[in-house]
file my_file_27.cif (mmCIF, C-alpha atoms)
data_run
#
loop_
_atom_site.label_atom_id
_atom_site.label_comp_id
_atom_site.auth_asym_id
_atom_site.auth_seq_id
_atom_site.Cartn_x
_atom_site.Cartn_y
_atom_site.Cartn_z
CA MET A 13 0.00 0.00 0.00
CA SER A 14 1.48 3.38 -1.02
CA ASP A 15 1.93 6.31 1.37
CA LYS A 16 -0.79 8.22 -0.40
CA THR A 17 -3.34 5.43 -0.01
CA LYS A 18 -2.39 5.06 3.65
CA ASN A 19 -2.86 8.80 4.22
CA LEU A 20 -6.18 8.81 2.42
CA LEU A 21 -7.39 5.78 4.34
CA SER A 22 -6.34 7.14 7.73
CA SER A 23 -7.91 10.54 7.07
CA LEU A 24 -11.09 8.84 5.90
CA ILE A 25 -11.26 6.71 9.04
CA PHE A 26 -10.59 9.77 11.18
CA ASN A 27 -13.32 11.83 9.51
CA VAL A 28 -15.89 9.05 9.78
CA ALA A 29 -15.02 8.46 13.46
CA GLU A 30 -15.18 12.20 14.16
CA THR A 31 -18.58 12.53 12.47
CA ILE A 32 -19.96 9.57 14.44
CA LEU A 33 -18.65 11.03 17.71
CA ILE A 34 -20.25 14.40 16.97
CA PHE A 35 -23.53 12.73 16.09
CA LEU A 36 -23.48 10.67 19.30
CA MET A 37 -22.77 13.81 21.30
CA GLY A 38 -25.91 15.36 19.83
CA ARG A 39 -27.88 12.26 20.75
CA LEU A 40 -26.50 12.47 24.30
CA LEU A 41 -28.13 15.90 24.52
CA SER A 42 -31.41 14.21 23.49
CA LEU A 43 -31.64 16.22 20.27
CA PRO A 44 -33.73 14.95 17.34
CA VAL A 45 -31.69 13.09 14.72
CA ASN A 46 -32.84 15.32 11.83
CA TYR A 47 -31.87 18.50 13.72
CA ILE A 48 -28.42 17.10 14.50
CA ILE A 49 -27.90 16.25 10.84
CA ILE A 50 -29.13 19.69 9.73
CA ILE A 51 -26.63 21.47 11.99
CA MET A 52 -23.73 19.19 11.04
CA LEU A 53 -24.45 19.58 7.33
CA THR A 54 -24.95 23.36 7.61
CA PHE A 55 -21.57 23.70 9.31
CA MET A 56 -19.73 21.42 6.88
CA ILE A 57 -21.32 22.75 3.67
CA SER A 58 -20.98 26.42 4.69
CA ARG A 59 -17.33 25.88 5.53
CA GLY A 60 -16.75 24.38 2.11
CA CYS A 61 -18.67 27.16 0.38
CA PHE A 62 -16.71 29.94 2.09
CA GLY A 63 -13.47 28.33 0.93
CA LYS A 64 -9.94 28.85 2.35
CA VAL A 65 -10.73 26.29 5.06
CA LEU A 66 -8.42 26.42 8.08
CA HIS A 67 -7.21 23.06 9.32
CA PHE A 68 -5.78 22.08 12.67
CA LYS A 69 -2.25 20.82 12.50
CA THR A 70 -2.81 17.76 14.66
CA TRP A 71 -5.66 15.25 14.54
CA TYR A 72 -6.40 15.42 18.26
CA ARG A 73 -6.77 19.20 18.18
CA CYS A 74 -9.07 18.85 15.22
CA LEU A 75 -11.13 16.25 17.07
CA VAL A 76 -11.36 18.17 20.36
CA TRP A 77 -12.20 21.56 18.83
CA SER A 78 -14.62 20.18 16.27
CA LEU A 79 -16.43 18.38 19.08
CA LEU A 80 -16.53 21.53 21.21
CA ILE A 81 -17.70 23.80 18.37
CA LEU A 82 -20.47 21.40 17.40
CA LEU A 83 -21.35 20.88 21.08
CA SER A 84 -21.83 24.64 21.47
CA LEU A 85 -24.07 24.63 18.38
CA PHE A 86 -26.06 21.72 19.79
CA VAL A 87 -26.51 23.66 23.04
CA LEU A 88 -27.95 26.53 20.97
CA LEU A 89 -30.15 24.00 19.22
CA LYS A 90 -31.83 23.50 22.59
CA VAL A 91 -33.05 27.09 22.24
CA ASP A 92 -33.98 27.35 18.57
CA LEU A 93 -33.19 25.60 15.29
CA VAL A 94 -32.94 28.82 13.23
CA VAL A 95 -30.58 30.42 15.75
CA SER A 96 -28.43 27.31 15.72
CA ILE A 97 -28.31 27.28 11.89
CA MET A 98 -27.29 30.97 11.85
CA PHE A 99 -24.55 30.33 14.38
CA ALA A 100 -23.41 27.25 12.44
CA ILE A 101 -22.95 29.39 9.31
CA PHE A 102 -21.15 32.08 11.32
CA SER A 103 -18.92 29.46 12.98
CA ALA A 104 -18.12 27.99 9.57
CA PHE A 105 -17.17 31.43 8.29
CA ILE A 106 -14.89 32.07 11.26
CA MET A 107 -13.09 28.76 10.68
CA THR A 108 -12.00 29.84 7.20
CA GLY A 109 -9.40 32.25 5.90
CA ARG A 110 -12.26 34.49 4.67
CA SER A 111 -12.58 35.88 8.18
CA ASN A 112 -8.96 37.01 8.35
CA ILE A 113 -8.65 40.52 9.64
CA CYS A 114 -7.07 43.13 7.42
CA ASP A 115 -5.50 45.77 9.55
CA MET A 116 -4.02 48.58 7.55
CA TYR A 117 -1.14 49.10 9.98
CA LEU A 118 -0.32 45.69 11.40
CA TRP A 119 -1.64 43.25 8.86
CA THR A 120 -1.41 43.24 5.10
CA GLY A 121 -4.29 40.79 4.72
CA LYS A 122 -1.99 38.35 3.01
CA VAL A 123 -0.93 35.21 4.85
CA SER A 124 1.65 34.10 2.36
CA LYS A 125 2.58 35.07 -1.17
CA TYR A 126 1.85 31.46 -2.11
CA ASP A 127 -1.75 31.66 -0.87
CA ALA A 128 -3.16 30.91 -4.31
CA LEU A 129 -1.43 27.54 -4.43
CA LYS A 130 -2.26 26.76 -0.78
CA ASN A 131 -5.92 27.44 -1.51
CA PHE A 132 -5.79 25.35 -4.66
CA VAL A 133 -4.32 22.41 -2.73
CA SER A 134 -6.95 22.69 0.02
CA ILE A 135 -9.82 22.84 -2.49
CA SER A 136 -8.54 20.24 -4.96
CA PRO A 137 -6.11 18.04 -3.03
CA ASN A 138 -6.31 15.23 -5.58
CA HIS A 139 -6.00 17.30 -8.74
CA PRO A 140 -4.18 15.14 -11.35
CA ILE A 141 -1.55 17.83 -12.09
CA LEU A 142 -0.71 18.09 -8.39
CA LEU A 143 -0.54 14.32 -7.96
CA GLU A 144 1.58 13.94 -11.07
CA HIS A 145 4.12 16.53 -9.91
CA GLU A 146 4.15 15.15 -6.40
CA GLU A 147 4.91 11.69 -7.71
CA TYR A 148 7.72 13.06 -9.86
CA TRP A 149 9.24 15.02 -6.96
CA ARG A 150 8.88 12.05 -4.63
CA LYS A 151 11.06 10.00 -6.94
CA ASN A 152 13.52 12.63 -8.18
CA TYR A 153 13.46 15.53 -5.66
CA PRO A 154 12.57 14.08 -2.22
CA MET A 155 13.34 17.35 -0.43
CA ARG A 156 10.98 19.31 -2.68
CA TYR A 157 8.35 16.65 -2.18
CA GLU A 158 8.63 16.87 1.61
CA ILE A 159 8.53 20.67 1.61
CA PHE A 160 5.48 20.59 -0.65
CA GLN A 161 3.77 18.22 1.78
CA LEU A 162 4.65 20.26 4.83
CA TYR A 163 4.14 23.78 3.51
CA PHE A 164 1.34 23.45 0.98
CA ARG A 165 -0.57 20.42 2.17
CA GLU A 166 -0.17 20.64 5.93
CA ASN A 167 0.09 24.45 6.12
CA GLN A 168 3.18 24.26 8.32
CA THR A 169 5.31 27.36 8.90
CA TYR A 170 8.84 28.00 7.64
CA GLU A 171 10.04 27.86 11.25
CA TYR A 172 8.39 24.51 11.87
CA ILE A 173 9.85 23.01 8.68
CA ALA A 174 13.33 24.34 9.51
CA LYS A 175 13.12 22.83 12.98
CA LEU A 176 11.78 19.53 11.70
CA LYS A 177 14.32 19.17 8.92
CA GLY A 178 17.23 20.61 10.90
CA PHE A 179 17.79 23.60 8.57
CA GLU A 180 19.80 26.51 9.90
CA ASP A 181 17.34 29.03 8.51
CA ASN A 182 14.41 29.26 6.10
CA THR A 183 16.48 29.71 2.92
CA VAL A 184 16.06 26.16 1.61
CA THR A 185 12.32 26.09 2.33
CA LYS A 186 11.75 29.50 0.75
CA ARG A 187 13.73 28.54 -2.33
CA GLU A 188 11.83 25.27 -2.73
CA CYS A 189 8.47 26.99 -2.21
CA ALA A 190 9.35 29.55 -4.89
CA THR A 191 10.36 26.76 -7.28
CA ILE A 192 7.23 24.73 -6.56
CA TYR A 193 5.05 27.76 -7.19
CA SER A 194 6.83 28.68 -10.40
CA ILE A 195 6.50 25.09 -11.66
CA LEU A 196 2.79 24.87 -10.89
CA GLU A 197 1.85 28.46 -11.70
CA ARG A 198 1.12 27.96 -15.40
CA PRO A 199 -0.35 24.44 -15.42
CA LEU A 200 -2.76 25.31 -12.60
CA GLY A 201 -3.49 28.83 -13.88
CA LEU A 202 -2.30 30.52 -10.66
CA PRO A 203 -1.73 34.27 -10.48
CA PRO A 204 1.88 35.51 -10.63
CA VAL A 205 3.47 35.56 -7.20
CA GLY A 206 3.57 39.00 -5.54
CA LYS A 207 6.86 40.62 -4.68
CA MET B 6 -39.10 56.21 32.13
CA LEU B 7 -37.43 54.36 35.01
CA GLU B 8 -36.85 51.41 32.70
CA LEU B 9 -35.24 53.72 30.13
CA LEU B 10 -32.99 55.52 32.58
CA LEU B 11 -32.01 52.54 34.69
CA GLY B 12 -31.95 49.71 32.21
CA GLN B 13 -31.60 50.57 28.57
CA ILE B 14 -29.67 53.81 28.19
CA PRO B 15 -26.84 53.02 30.64
CA GLU B 16 -26.44 49.58 29.13
CA ALA B 17 -26.19 50.99 25.59
CA ILE B 18 -23.71 53.65 26.76
CA TYR B 19 -21.66 50.95 28.49
CA PHE B 20 -21.44 48.90 25.27
CA ALA B 21 -20.50 51.97 23.23
CA LEU B 22 -17.80 53.04 25.69
CA PHE B 23 -16.42 49.51 25.92
CA MET B 24 -15.99 49.43 22.14
CA ILE B 25 -14.52 52.94 22.05
CA PHE B 26 -11.87 52.08 24.65
CA THR B 27 -11.11 48.67 23.18
CA LYS B 28 -10.76 49.90 19.62
CA GLU B 29 -9.19 53.19 20.69
CA LEU B 30 -11.67 55.13 18.59
CA LYS B 31 -10.72 58.79 18.47
CA THR B 32 -13.30 60.28 16.14
CA LYS B 33 -17.12 60.34 15.92
CA ARG B 34 -17.37 59.10 19.52
CA VAL B 35 -20.52 61.03 20.45
CA LEU B 36 -22.25 60.02 17.24
CA TYR B 37 -21.32 56.40 17.89
CA ILE B 38 -22.72 56.50 21.44
CA VAL B 39 -25.92 58.19 20.26
CA LEU B 40 -26.40 55.63 17.47
CA MET B 41 -25.81 52.76 19.88
CA VAL B 42 -28.42 54.15 22.28
CA VAL B 43 -30.93 54.76 19.47
CA GLU B 44 -30.32 51.27 18.09
CA TYR B 45 -30.85 49.75 21.53
CA LEU B 46 -34.08 51.66 22.10
CA LEU B 47 -35.47 50.86 18.65
CA LEU B 48 -34.67 47.19 18.94
CA LYS B 49 -36.15 47.07 22.41
CA HIS B 50 -39.28 48.64 21.01
CA PHE B 51 -39.66 46.24 18.10
CA ILE B 52 -38.20 42.95 19.33
CA LYS B 53 -39.17 40.95 22.37
CA PHE B 54 -36.45 40.79 25.01
CA ASN B 55 -34.97 37.39 24.13
CA MET B 56 -31.98 35.90 22.33
CA TRP B 57 -33.14 37.37 19.00
CA PHE B 58 -32.80 40.78 20.58
CA GLN B 59 -29.18 40.10 21.52
CA ILE B 60 -28.43 38.71 18.05
CA ALA B 61 -29.96 41.74 16.33
CA TYR B 62 -28.14 44.08 18.73
CA THR B 63 -24.81 42.40 17.96
CA ILE B 64 -25.39 42.57 14.18
CA PHE B 65 -26.53 46.19 14.21
CA GLN B 66 -23.71 47.37 16.46
CA PHE B 67 -21.29 45.86 13.94
CA ILE B 68 -23.12 47.60 11.07
CA ILE B 69 -22.91 50.95 12.91
CA LEU B 70 -19.22 50.39 13.54
CA LYS B 71 -18.67 49.49 9.89
CA ILE B 72 -20.56 52.54 8.62
CA LEU B 73 -18.78 54.95 10.96
CA TYR B 74 -15.28 53.53 10.98
CA LYS B 75 -15.17 51.48 7.75
CA GLU B 76 -11.98 49.40 7.57
CA LYS B 77 -11.33 49.82 11.29
CA ALA B 78 -14.30 47.56 11.93
CA GLN B 79 -13.31 43.90 11.73
CA VAL B 80 -15.11 40.61 12.23
CA THR B 81 -13.27 40.26 15.56
CA ASP B 82 -15.31 43.20 16.87
CA ILE B 83 -18.23 40.80 17.18
CA PHE B 84 -16.16 38.84 19.69
CA THR B 85 -15.07 42.05 21.44
CA PHE B 86 -18.73 42.90 21.78
CA ALA B 87 -19.31 39.43 23.19
CA ILE B 88 -16.61 40.09 25.80
CA ALA B 89 -18.46 43.29 26.76
CA SER B 90 -21.63 41.20 27.13
CA ALA B 91 -19.76 38.64 29.23
CA VAL B 92 -18.56 41.40 31.59
CA LEU B 93 -22.12 42.69 31.81
CA ILE B 94 -23.42 39.22 32.66
CA LEU B 95 -20.75 38.75 35.32
CA ILE B 96 -21.33 42.15 36.93
CA SER B 97 -25.10 41.63 36.85
CA PHE B 98 -24.71 38.26 38.54
CA VAL B 99 -22.46 39.73 41.26
CA SER B 100 -24.81 42.70 41.83
CA TYR B 101 -27.93 40.56 42.13
CA SER B 102 -26.18 38.10 44.41
CA ILE B 103 -25.04 40.91 46.73
CA ILE B 104 -28.42 42.67 46.82
CA TRP B 105 -30.45 39.51 47.30
CA ALA B 106 -28.28 38.51 50.20
CA THR B 107 -28.79 41.93 51.83
CA LEU B 108 -31.64 44.26 50.70
CA ASN B 109 -33.53 41.85 48.45
CA ASN B 110 -34.69 44.73 46.23
CA TYR B 111 -34.67 44.40 42.45
CA TYR B 112 -34.20 48.11 41.70
CA ALA B 113 -31.32 48.36 44.12
CA ALA B 114 -29.69 45.44 42.30
CA VAL B 115 -30.13 47.18 38.91
CA ILE B 116 -28.68 50.46 40.24
CA LEU B 117 -25.71 48.64 41.80
CA CYS B 118 -25.15 46.79 38.53
CA ARG B 119 -25.07 50.03 36.52
CA ILE B 120 -22.70 51.65 39.01
CA LEU B 121 -20.38 48.63 38.89
CA LEU B 122 -20.42 48.68 35.08
CA PHE B 123 -19.15 52.23 34.97
CA VAL B 124 -16.67 51.58 37.79
CA PHE B 125 -15.33 48.76 35.63
CA LEU B 126 -14.95 51.13 32.67
CA VAL B 127 -13.23 53.79 34.80
CA LEU B 128 -10.80 51.24 36.24
CA TYR B 129 -9.98 49.38 33.04
CA HIS B 130 -10.47 51.88 30.22
CA LYS B 131 -6.72 52.18 29.71
CA LYS B 132 -6.27 48.42 29.55
CA LEU B 133 -9.12 47.48 27.25
CA TYR B 134 -7.07 48.15 24.10
CA LYS B 135 -5.14 44.97 24.96
CA ILE B 136 -8.14 42.93 23.83
CA GLN B 137 -7.86 44.37 20.34
CA LYS B 138 -4.09 43.84 20.41
CA LEU B 139 -4.58 40.20 21.31
CA TYR B 140 -6.96 39.65 18.40
CA LYS B 141 -4.57 41.33 15.99
CA LEU B 142 -1.77 39.10 17.23
CA LEU B 143 -3.56 35.78 17.25
CA TRP B 144 -6.40 35.94 14.73
CA ASN B 145 -4.61 35.53 11.41
CA ARG B 146 -2.41 32.61 10.53
CA THR B 147 1.09 33.82 9.85
CA ASP B 148 4.68 32.67 9.53
CA LYS B 149 6.04 36.00 10.64
CA ARG B 150 6.18 35.64 14.40
CA PRO B 151 6.01 32.79 16.88
CA VAL B 152 2.89 32.74 19.04
CA ASN B 153 1.89 30.43 21.84
CA MET B 154 -1.59 29.77 20.54
CA LYS B 155 -2.34 28.81 16.95
CA SER B 156 -4.78 30.92 14.98
CA THR B 157 -7.16 28.02 14.43
CA THR B 158 -7.25 27.14 18.13
CA PHE B 159 -7.75 30.79 19.06
CA ARG B 160 -10.71 31.08 16.69
CA ALA B 161 -12.20 27.83 17.97
CA VAL B 162 -11.89 29.01 21.60
CA ASN B 163 -13.64 32.26 20.67
CA LEU B 164 -16.41 30.47 18.83
CA VAL B 165 -17.15 28.00 21.60
CA ILE B 166 -17.32 30.77 24.22
CA PHE B 167 -19.37 32.97 21.87
CA ASN B 168 -21.96 30.27 21.14
CA ILE B 169 -22.28 29.15 24.75
CA MET B 170 -22.57 32.77 25.88
CA PHE B 171 -25.64 33.31 23.74
CA TYR B 172 -27.25 30.35 25.43
CA ILE B 173 -26.45 31.86 28.83
CA ILE B 174 -27.77 35.25 27.65
CA ASN B 175 -30.99 33.54 26.64
CA LEU B 176 -31.36 32.09 30.14
CA GLY B 177 -30.46 35.43 31.71
CA MET B 178 -33.01 37.32 29.64
CA ALA B 179 -35.74 34.85 30.50
CA PHE B 180 -34.82 35.28 34.17
CA MET B 181 -34.90 39.09 33.89
CA LEU B 182 -38.31 38.96 32.25
CA ILE B 183 -39.66 36.79 35.03
CA GLN B 184 -38.21 39.16 37.63
CA ASN B 185 -39.47 42.47 36.34
CA GLY B 186 -40.70 42.97 32.81
CA GLY B 187 -37.15 43.43 31.50
CA VAL B 188 -35.80 46.53 33.29
#
call {"tool": "encode", "arguments": {"input": "my_file_27.cif", "output": "structure tokens"}}
result
Amino acid sequence: MSDKTKNLLSSLIFNVAETILIFLMGRLLSLPVNYIIIIMLTFMISRGCFGKVLHFKTWYRCLVWSLLILLSLFVLLKVDLVVSIMFAIFSAFIMTGRSNICDMYLWTGKVSKYDALKNFVSISPNHPILLEHEEYWRKNYPMRYEIFQLYFRENQTYEYIAKLKGFEDNTVTKRECATIYSILERPLGLPPVGK
Amino acid sequence: MLELLLGQIPEAIYFALFMIFTKELKTKRVLYIVLMVVEYLLLKHFIKFNMWFQIAYTIFQFIILKILYKEKAQVTDIFTFAIASAVLILISFVSYSIIWATLNNYYAAVILCRILLFVFLVLYHKKLYKIQKLYKLLWNRTDKRPVNMKSTTFRAVNLVIFNIMFYIINLGMAFMLIQNGGV
């Protein structure tokens, strides 16, 4: 079994287990099954629709916080279904990059100059062009492959990658990210990287 | 009239001042306070005192902020407003507990609550800007500086507290209505 299949399988198992746990939590609060499903679907679909979904870096954080967010929505469901739906949409919006704050003095509104590719990867993780390049890098440029995985797929920071890989600074990571972007820019129709 | 002077107007002024101090707003302060009071009174007139009232109040206060201060208004202001509500809930709880243990008079509890609200603002008005600073530091995901709490976790913490708080507000409002027609 290849690494990719293993990753896909484990993430599938995790997501199914997480969904079941959330559902059971709703049942523990004695909520009607259809209401629980409505809230879960509203949250998941809205999050997908807003785009730029933010992911937790570890599975246990994802599990704990997803459970708590949905629990808080289920508590609101005790009051009113419409209120709970509204809060589910708002919660979904907050858990995406769309709710980033743009402060004119402290924040440029741009997380990374490679945002376009990061967003592309999060929306279409199994795009054939991405998979094809990944496979090629895995065989011929293992370092590039690893940096792609860490930076673009897992949204890790330069500092984290440097620490993990034992780099002295971020030069290697930055250079590889620039190369990856320039390689994928045209085939994926990404905008030119900002200076 | 008593309801207006004791309950609604001071509460609206408290919310407006809390936002002014937190966001360090320097211009259009009086207009902002007036609009917040008018919004509160209008909503109170048209909507029953329940969770829908609090939701509408939160949405409209953000709209006012956005109209008056444009790009200075951010989505995090909704959470700042929620913090102001949390302080109000806490102070109300303390006031009612004190008065019930001593005088057992509802109006005395309301007056004490309003006094404590403004004492809080006087004591902490120079520190409230730290809330905004914290949001600016932790809200967006960035590679530029190391932070103890990840952006995603910070947002999740805010959301959980925000959602639960509205449930508590709903209970509190129901309690207030039972006590005295919503002063």
call {"tool": "closest_residue", "arguments": {"input": "my_file_27.cif", "among": "B:Leu36, B:Leu176, B:Leu143, B:Ala61", "to": "Asn112 (chain A)", "atoms": "only C-alpha atoms"}}
result
B:Leu143
call {"tool": "residues_around", "arguments": {"input": "my_file_27.cif", "residues": "Phe51 (chain B)", "least_positions_apart": "6", "cutoff": "12 Å", "atoms": "all atoms listed in the file", "output": "list in words"}}
result
Glu44, Tyr45, Trp57, Phe58, Ala61 and Tyr62 of chain B
call {"tool": "closest_residue", "arguments": {"input": "my_file_27.cif", "among": "A:Ser58, A:Asn138, A:Thr183, A:Asn167", "to": "chain B", "atoms": "all atoms listed in the file"}}
result
A:Asn167
call {"tool": "closest_residue", "arguments": {"input": "my_file_27.cif", "among": "B:Ser100, B:Asn109, B:Asn163, B:Thr32", "to": "chain A", "atoms": "all atoms listed in the file"}}
result
B:Asn163
call {"tool": "atom_distance", "arguments": {"input": "my_file_27.cif", "atom1": "CA of Asn175 (chain B)", "atom2": "CA of Ser84 (chain A)"}}
result
13.8 Å
call {"tool": "residues_around", "arguments": {"input": "my_file_27.cif", "residues": "Leu70 (chain B)", "least_positions_apart": "6", "cutoff": "12 Å", "atoms": "only C-alpha atoms", "output": "list in words"}}
result
Ala21, Met24, Ile25, Lys28, Leu30, Thr32, Lys33, Arg34, Leu36, Tyr37, Ile38, Leu40, Met41, Thr63, Ile64, Glu76, Lys77, Ala78, Gln79, Val80, Thr81, Asp82, Ile83 and Phe86 of chain B
call {"tool": "residues_around", "arguments": {"input": "my_file_27.cif", "residues": "Ile48 (chain A)", "least_positions_apart": "4", "cutoff": "9 Å", "atoms": "all atoms listed in the file", "output": "PDB file with C-alpha atoms, in the frame of the given file"}}
result
ATOM      1  CA  ILE A  34     -20.250  14.400  16.970  1.00  0.00           C
ATOM      2  CA  PHE A  35     -23.530  12.730  16.090  1.00  0.00           C
ATOM      3  CA  GLY A  38     -25.910  15.360  19.830  1.00  0.00           C
ATOM      4  CA  ARG A  39     -27.880  12.260  20.750  1.00  0.00           C
ATOM      5  CA  LEU A  43     -31.640  16.220  20.270  1.00  0.00           C
ATOM      6  CA  PRO A  44     -33.730  14.950  17.340  1.00  0.00           C
ATOM      7  CA  MET A  52     -23.730  19.190  11.040  1.00  0.00           C
ATOM      8  CA  LEU A  53     -24.450  19.580   7.330  1.00  0.00           C
ATOM      9  CA  PHE A  86     -26.060  21.720  19.790  1.00  0.00           C
ATOM     10  CA  LEU A  89     -30.150  24.000  19.220  1.00  0.00           C
TER      11      LEU A  89
END
call {"tool": "atom_distance", "arguments": {"input": "my_file_27.cif", "atom1": "CA of Phe125 (chain B)", "atom2": "CA of Thr107 (chain B)"}}
result
22.1 Å
call {"tool": "atom_distance", "arguments": {"input": "my_file_27.cif", "atom1": "CA of Ser194 (chain A)", "atom2": "CA of Leu20 (chain A)"}}
result
27.0 Å
call {"tool": "interface_residues", "arguments": {"input": "my_file_27.cif", "of": "chain A", "to": "chain B", "cutoff": "9 Å", "atoms": "all atoms listed in the file", "output": "VMD selection string"}}
result
chain A and resid 66 to 69 73 to 74 77 to 78 80 to 85 87 to 88 90 to 91 95 to 96 99 103 106 to 109 111 to 116 118 to 119 121 to 124 168 to 171
